[in-house]
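Note sheet for the following structure.
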Amino acid sequence: MKPRILLVDDDQEMVETTSLGLRKFADVDGATSAKTAIDKMANSEFDVVITDLHMPGMNGIDLCAELVAVRPDVPVIVITAFGSLESAVSAIRAGAYDYVTKPFQTETLAHAVRRAAQHRALREEVKRLKRDVQRNAGVDEVWGESEPIRRLRDLMAHVADSDASVLITGESGTGKEVVARALHRAGRRKDGPFIALNCAAVPEALLESELFGHARGAFTDAKTARTGLFAEADGGVLFLDEVGDTPFSLQPKLLRALQDRKIRPIGGTTEVSFDARIIAATNKDLDQAVAEGRFREDLFYRLNVIEVSLPPLRTRGNDVLLLAQRFVERFAAQSHKRVLGISPRVAEQLLAYAWPGNVRELSNCIERAVALARFEEITVDDLPERVRSPSKVRAAGIDEAPIDVPTLDELERRHILRVLSLVEGNKSLASQMLGVDRKTLYRKLDRYNGHN
């Protein structure tokens, strides 16, 4: 696209002549006074401003200073008299990007404009990249390279800045709160509070008070007033975990709060407005709960504006190894132990196990293994019995046909080749996931090739 230029000069003929020369590569608009230029800048978008130095009323230096103050992203080029070093210095001090001395060739001015437009484009790209980094700062904390996780991160990046309610679904242990916190950190409410409540962990008699607060004297033990979590989450996010366990008697009041964005504390006489994004999570089938009359349909649709479904760990393929390595690094650092990775046999066991407890179970497994580890690599003996037991060494969906009993070297060879296949031959990534340096990996691959 052509850059848009605002050309400012009190000489109309000069504006028209210069515009004619620049229109080969730019869209040019003109202004014959500083006031007109300021008005145009307020109502239109320009990539570069060119202003003459000497004009009645506000001169080019003052105009430059004013534009830089309100639109620092738009570079200003000041046209000065030939040989006037003082005016050139004044222009730069006022924030001008560049200056061109009179008399000038059109190509000289065009070259300055091209550089200024490119400068602005680069600044805008840097700003865009910073926004993307900030937006994805939380999203990138959802680890994994499998296709389901890639799609999940993409969805999260698109909805992070929205105020629409989110319902996170998935089996227990899949990381629903991790995703909720990541959405908060990636969104525009990141500087506001993140208030979490497990609806299944609070007794029914106390849940209403937790959410809505209460006035002093509202009930026997209410000796002081209490602010509810809706109000505490103002400006941020209220995360309602296990929302499917919300008592049916409380659901109408919860629905009204979400609709009206107002709450009335127990025993209170006035309503209190709140501004919080609602993120809810459940491991229950709320569609079935609605069909059975255990969950209000209107509340379900109010919560489920955007559904984020988390895949179980058993469907995420090689993410098990990636997550295991991350957990090894985390728990080794916390316990100040030199544990660098997992052995090939451990990798086989982790890939074969079905992980009914999902990421939470894997995290607990690796934390235990790091605590018990005696070497720089976690060994099979460091794993819990349920993971290393032969009765568990079948992934979900594999038939019960007898399996061969390969040697350890053969197991290692199969595992290394499997990892290489999964990462499409990327040896750097494979060595990282295997917990070995690249020289060791190359040596093993040369040995395998020699045996073929």
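In the structure tokens, each chain is lettered A, B, ... as it comes, each chain's residues begin at 1, and ligands are numbered from 1 in order of appearance.
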
Could you give me, as JSON lines, every range 265-353 of chain A residue with an atom at most 8 Å from range 362-369 of chain A, plus its closest atom pair and distance in Å to one decimal, counting only C-alpha atoms, rows ordered by chain then number?
```
{"residue": "A:Ala324", "atom": "CA", "partner": "A:Ile366", "partner_atom": "CA", "distance": 6.7}
{"residue": "A:Phe327", "atom": "CA", "partner": "A:Ser363", "partner_atom": "CA", "distance": 6.3}
{"residue": "A:Val328", "atom": "CA", "partner": "A:Ile366", "partner_atom": "CA", "distance": 6.3}
{"residue": "A:Phe331", "atom": "CA", "partner": "A:Glu367", "partner_atom": "CA", "distance": 5.9}
```

Could those selected residues go to a file with N, CA and C atoms, as an mmCIF file, in the first residue's frame?
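Below is the file that was written, selection-v6.cif:
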```cif
data_model
loop_
_atom_site.group_PDB
_atom_site.id
_atom_site.type_symbol
_atom_site.label_atom_id
_atom_site.label_comp_id
_atom_site.auth_asym_id
_atom_site.auth_seq_id
_atom_site.Cartn_x
_atom_site.Cartn_y
_atom_site.Cartn_z
ATOM 1 N N ALA A 324 7.030 -34.261 30.602
ATOM 2 C CA ALA A 324 7.874 -34.927 31.592
ATOM 3 C C ALA A 324 9.208 -34.203 31.738
ATOM 4 N N PHE A 327 8.711 -31.016 33.666
ATOM 5 C CA PHE A 327 8.516 -31.284 35.086
ATOM 6 C C PHE A 327 9.830 -31.692 35.753
ATOM 7 N N VAL A 328 10.667 -32.457 35.048
ATOM 8 C CA VAL A 328 11.983 -32.815 35.592
ATOM 9 C C VAL A 328 12.778 -31.550 35.904
ATOM 10 N N PHE A 331 11.118 -29.632 39.007
ATOM 11 C CA PHE A 331 11.257 -30.242 40.328
ATOM 12 C C PHE A 331 12.721 -30.422 40.710
#
```

_Residues near Leu372 in chain A, cut-off 12 Å, only C-alpha atoms, skip fewer than 2 positions along chain, as a PyMOL selection string_ = chain A and resi 331-332+335+337-339+365-370+374-384

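The residues of range 148-286 of chain A that DSSP classifies as strand (DSSP E), using the backbone of this structure, are Val166, Leu167, Ile168, Thr169, Phe194, Ile195, Ala196, Leu197, Asn198, Gly213, His214, Arg226, Thr227, Val237, Leu238, Phe239, Leu240, Asp241, Lys262, Ile263, Val272, Ser273, Arg277, Ile278, Ile279, Ala280, Ala281 and Thr282 of chain A.
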
*Which one of A:His214, A:Leu7, A:Gly170, A:Pro56 sits closest to Lys40 in chain A if you count only C-alpha atoms?*
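Of all the options, A:Leu7 lies closest to Lys40 in chain A.
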
_Distance query Asp298 in chain A at most 12 Å, only C-alpha atoms, self and fewer than 6 positions along chain excluded, as a PyMOL selection string_ = chain A and resi 251-256+258-259+286-287+290+304-305
